[in-house]
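S.K.: One structure, as structure tokens, below. Some questions next.
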Amino acid sequence: MDIKKVERISFRRGGAGPKFDKMSDFNATRYNPLLMHNYGRNIYEKGEKIGYCVDVRIPGYRGLPINQIQQLAFTVDGQWIPDDCMYIWYDGKDFPLSEVGTGRFDNEWMWKYQDYLRVFFKIPGGIAQGEHEVEYGIALRDHYSTTAYCKKTVTIV
Amino acid sequence: MSSKDIKLGVSLYSYQEAIWRGDLDLEGALTAVKGCGGEGVEIFGEALIRSFPYVTNDFLYKWFYMLDNLQLEPVCYEHFSDRRFWQDPEKYLNDDDIFDVTMQYLRTAKKLGCKFIRLSHDGHNGIYDVFGAIEKSHSVVNAEIFAKLLPYAEELGVRMALEVHGPGLLDDGGNDDFLDAIEKTGCYNGAGLMLDLSGCFRDMSPMQEDSYVAAGAKREIVQYIRAMSRKAYTYDGNNNVDWDEVVEEVKRMGGGDAEINIINGRGGFGSLRQKLISPPSVVEEYASKLIYVHGKMHWINEDCTSDEVDYPRYIRALAKGGYKGYISTEFEGQRSVPHTLNEVEFVRRQHALMRQCLADCAAEGL
């Protein structure tokens with residue numbers, strides 16, 4: 001098909017974004033106070049804490065395939081949570097964050113717009129019950145390279 | 001040409017936060033459309049159809065019952081064509097994949113009874129490439145994929161609406177490759193141009209004013225600049241503004257860089273000196289060729305007037321130019337100040353305003 005080429009003028013943005021390896025890469029972006037559930041929970045195995053989890057929402061105006069999660073980032077009481085201890089528990093499945101975007105999952109597997117995604121931090125000993133300051137940043141691989149940020153007090157039971 | 005050929009609808013995008021919070025389900029959102037006087041609906045599969053990208057018969061039974069009960073018409077199904085799903089930045093969906101993805105949207109639109117998909121295409125911002133920055137991995141539907149889709153869309157009876165969104169202009173040439181494809185294939189019922197009112201903004205929103213004030217600008221000066229912006233881009237024959245004089249006045253008022261940068265612009269998107277806007281005369285010229293209009297807005301005043309868009313002149317331009325179709329509200333103000341604005345109320349105000357404009361056109365015999 002012979003289609004005339006239109007020369008487009010590049011404006012402002014491009015593929016080269018921040019690395020999203022520190023909270024300051026997120027916290028200038030769109031703040032949404034409701035992106036994170038008010039409560040989290042320790043996860044026990046035979047009475048022993050093996051880690052804890054928080055529940056988070058997708059920003060923007062549509063659900064997206066799980067594979068479009070570019071980065072999930074958290075600090076708890078100011079401490080950065082390393083990627084390699086993060087697991088996604090969603091839709092009856094349990095898998096490490098590192099497997100997102102590797103072809104392991106079908107692109108039609110959606111993080112639905114109304115759903116919380118449970119993120120498990122595999123940190124033996126969990127965390128003390130009580131209120132914790134949690135920051136959550138998310139970067140998506142959608143066309144708009146959506147990012148969002150939330151900071152709030154989460155009660156972890 | 002008649003204002004009677006223009007109908008009002010709502011894109012459910014407008015209620016995105018109420019839907020996200022769970023305050024409105026699909027039935028609630030459709031009821032809100034009916035309640036503000038809307039006749040047509042635009043729907044997002046990714047937000048409202050749990051089986052997306054597929055649609056189940058169970059969903060369709062409820063969908064058509066609700067539409068029939070509320071006497072609403074399905075108008076448009078929103079399309080997206082993201083390419084990036086992998087950690088490896090070199091890996092992304094190729095053009096054949098994007099063709100397949102888009103075919104699925106077209107088939108779903110047909111099942112939903114929609115006349116259009118709002119095509120996510122590379123001419124979305126006219127000649128400007130805002131999000132892609134010319135990178136293939138960030139591009140969406142290009143003119144080659146579009147040309148292949150045209151005969152299928154025509155056969156399904158679903159048209160691909162080529163949205164021209166700000167900073168793009170109707171006449172900036174940014175959709176010429178797509179319009180050429182329509183000419184070359186002869187599939188005139190497969191697609192057409194649509195206008196988004198973001199290309200007709202004469203003023204910033206109150207939220208933008210607040211953000212300039214938060215960044216250190218004086219509110220009184222920002223409001224003066226806003227008044228000058230409305231004067232410059234309201235096409236009533238009185239729109240000559242000497243921006244150098246405005247800068248001098250800003251200085252006299254005690255303003256500095258925080259205020260002057262609003263006028264001169266920074267980092268793209270032009271400036272108030274040369275705002276990218278399709279004036280009513282251009283909208284009138286294109287009106288008969290448009291297949292759909294998005295009524296993008298961030299704010300409507302309590303008295304149902306708008307500083308942002310000159311609705312009386314634009315709706316008159318559409319009616320006079322022979323536009324036949326829907327104007328679907330796209331309320332977007334909530335995105336600047338999450339979970340603080342009442343989306344239902346802003347849509348209601350805009351519909352009251354647009355209905356008044358249509359009534360005024362009808363009274364003029366338009």
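Identifiers in this document derive from the order of the structure tokens: chains are assigned A, B, ..., residues are numbered from 1 separately in each chain, and ligands are numbered from 1 in order of occurrence.
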Just want the 7 Å neighbourhood of Thr147 of chain A, counted on only C-alpha atoms, with same-chain residues fewer than 3 positions away dropped. Output as a list in words.
M.R.: Phe26, Thr29, Arg30, Ile138, Ala139 and Leu140 of chain A
S.K.: May I have the residues from that selection written out with N, CA and C atoms, as an mmCIF file, in the first residue's frame?
M.R.:
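Contents of the output file again-v5.cif:
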```
data_model
loop_
_atom_site.group_PDB
_atom_site.id
_atom_site.type_symbol
_atom_site.label_atom_id
_atom_site.label_comp_id
_atom_site.auth_asym_id
_atom_site.auth_seq_id
_atom_site.Cartn_x
_atom_site.Cartn_y
_atom_site.Cartn_z
ATOM 1 N N PHE A 26 9.208 8.396 41.167
ATOM 2 C CA PHE A 26 7.743 8.303 41.118
ATOM 3 C C PHE A 26 7.059 9.491 41.771
ATOM 4 N N THR A 29 5.176 12.327 40.253
ATOM 5 C CA THR A 29 4.108 12.006 39.294
ATOM 6 C C THR A 29 2.747 12.063 39.974
ATOM 7 N N ARG A 30 1.739 11.720 39.234
ATOM 8 C CA ARG A 30 0.365 11.886 39.692
ATOM 9 C C ARG A 30 0.107 11.167 41.013
ATOM 10 N N ILE A 138 4.273 3.289 40.905
ATOM 11 C CA ILE A 138 4.055 2.343 39.802
ATOM 12 C C ILE A 138 4.386 3.017 38.478
ATOM 13 N N ALA A 139 5.042 2.261 37.616
ATOM 14 C CA ALA A 139 5.294 2.698 36.237
ATOM 15 C C ALA A 139 4.738 1.628 35.316
ATOM 16 N N LEU A 140 4.033 2.064 34.295
ATOM 17 C CA LEU A 140 3.391 1.133 33.360
ATOM 18 C C LEU A 140 4.014 1.268 31.974
#
```
S.K.: Which chain A residues have any atom within 10 Å of an atom of chain B, and for each, what is the nearest pair of atoms with distance in Å to one decimal, counting only C-alpha atoms, rows sorted by chain and number, as a tab-separated table?
M.R.:
```
residue	atom	partner	partner_atom	distance
A:Met1	CA	B:Glu144	CA	6.8
A:Asp2	CA	B:Ala181	CA	8.1
A:Ile3	CA	B:Asp177	CA	5.9
A:Lys4	CA	B:Asp177	CA	5.1
A:Lys5	CA	B:Asp177	CA	6.1
A:Val6	CA	B:Asp177	CA	6.2
A:Glu7	CA	B:Ile127	CA	7.2
A:Arg8	CA	B:Ile127	CA	5.0
A:Ile9	CA	B:Tyr128	CA	4.7
A:Ser10	CA	B:Asp129	CA	4.7
A:Phe11	CA	B:Val130	CA	4.8
A:Arg12	CA	B:Gly268	CA	6.0
A:Arg13	CA	B:Phe131	CA	5.5
A:Gly14	CA	B:Ala133	CA	4.7
A:Gly15	CA	B:Gly132	CA	7.1
A:Ala16	CA	B:Ala133	CA	9.7
A:Arg30	CA	B:Ser336	CA	8.0
A:Tyr31	CA	B:Pro338	CA	7.5
A:Asn32	CA	B:Pro338	CA	5.9
A:Pro33	CA	B:Pro338	CA	7.8
A:Leu34	CA	B:His339	CA	8.4
A:Leu35	CA	B:Arg21	CA	9.9
A:Arg57	CA	B:Trp20	CA	9.2
A:Ile58	CA	B:Trp20	CA	9.2
A:Pro59	CA	B:Trp20	CA	9.0
A:Gly60	CA	B:Gln16	CA	8.2
A:Tyr61	CA	B:Gln16	CA	5.7
A:Arg62	CA	B:Ala47	CA	4.6
A:Gly63	CA	B:Glu46	CA	5.0
A:Leu64	CA	B:Glu46	CA	6.9
A:Pro65	CA	B:Phe85	CA	8.0
A:Ile66	CA	B:Phe85	CA	8.6
A:Asn67	CA	B:Phe85	CA	5.1
A:Gln68	CA	B:Phe85	CA	5.1
A:Ile69	CA	B:Phe85	CA	8.2
A:Gln70	CA	B:Gln87	CA	7.2
A:Gln71	CA	B:Gln87	CA	9.8
A:Ser98	CA	B:Gln87	CA	9.2
A:Glu99	CA	B:Gln87	CA	9.2
A:Val100	CA	B:Gln87	CA	7.7
A:Gly101	CA	B:Trp86	CA	4.0
A:Thr102	CA	B:Trp86	CA	5.8
A:Gly103	CA	B:Trp86	CA	7.0
A:Asp106	CA	B:Phe85	CA	9.7
A:Asn107	CA	B:Phe85	CA	7.1
A:Glu108	CA	B:Pro53	CA	7.1
A:Trp109	CA	B:Phe52	CA	9.2
A:Met110	CA	B:Phe52	CA	8.0
A:Trp111	CA	B:Glu46	CA	9.4
A:Lys112	CA	B:Arg50	CA	7.0
A:Tyr113	CA	B:Ala47	CA	5.3
A:Gln114	CA	B:Trp20	CA	5.6
A:Asp115	CA	B:Trp20	CA	8.9
A:Leu140	CA	B:Arg84	CA	9.5
A:Arg141	CA	B:Arg84	CA	5.8
A:Asp142	CA	B:Asp82	CA	5.7
A:His143	CA	B:Asp82	CA	5.2
A:Tyr144	CA	B:Phe131	CA	6.2
A:Ser145	CA	B:Phe131	CA	8.2
```
S.K.: What are the DSSP alpha helix (DSSP H) residues of segment 300-341 of chain B, as number ranges by chain?
M.R.: B: 311-320
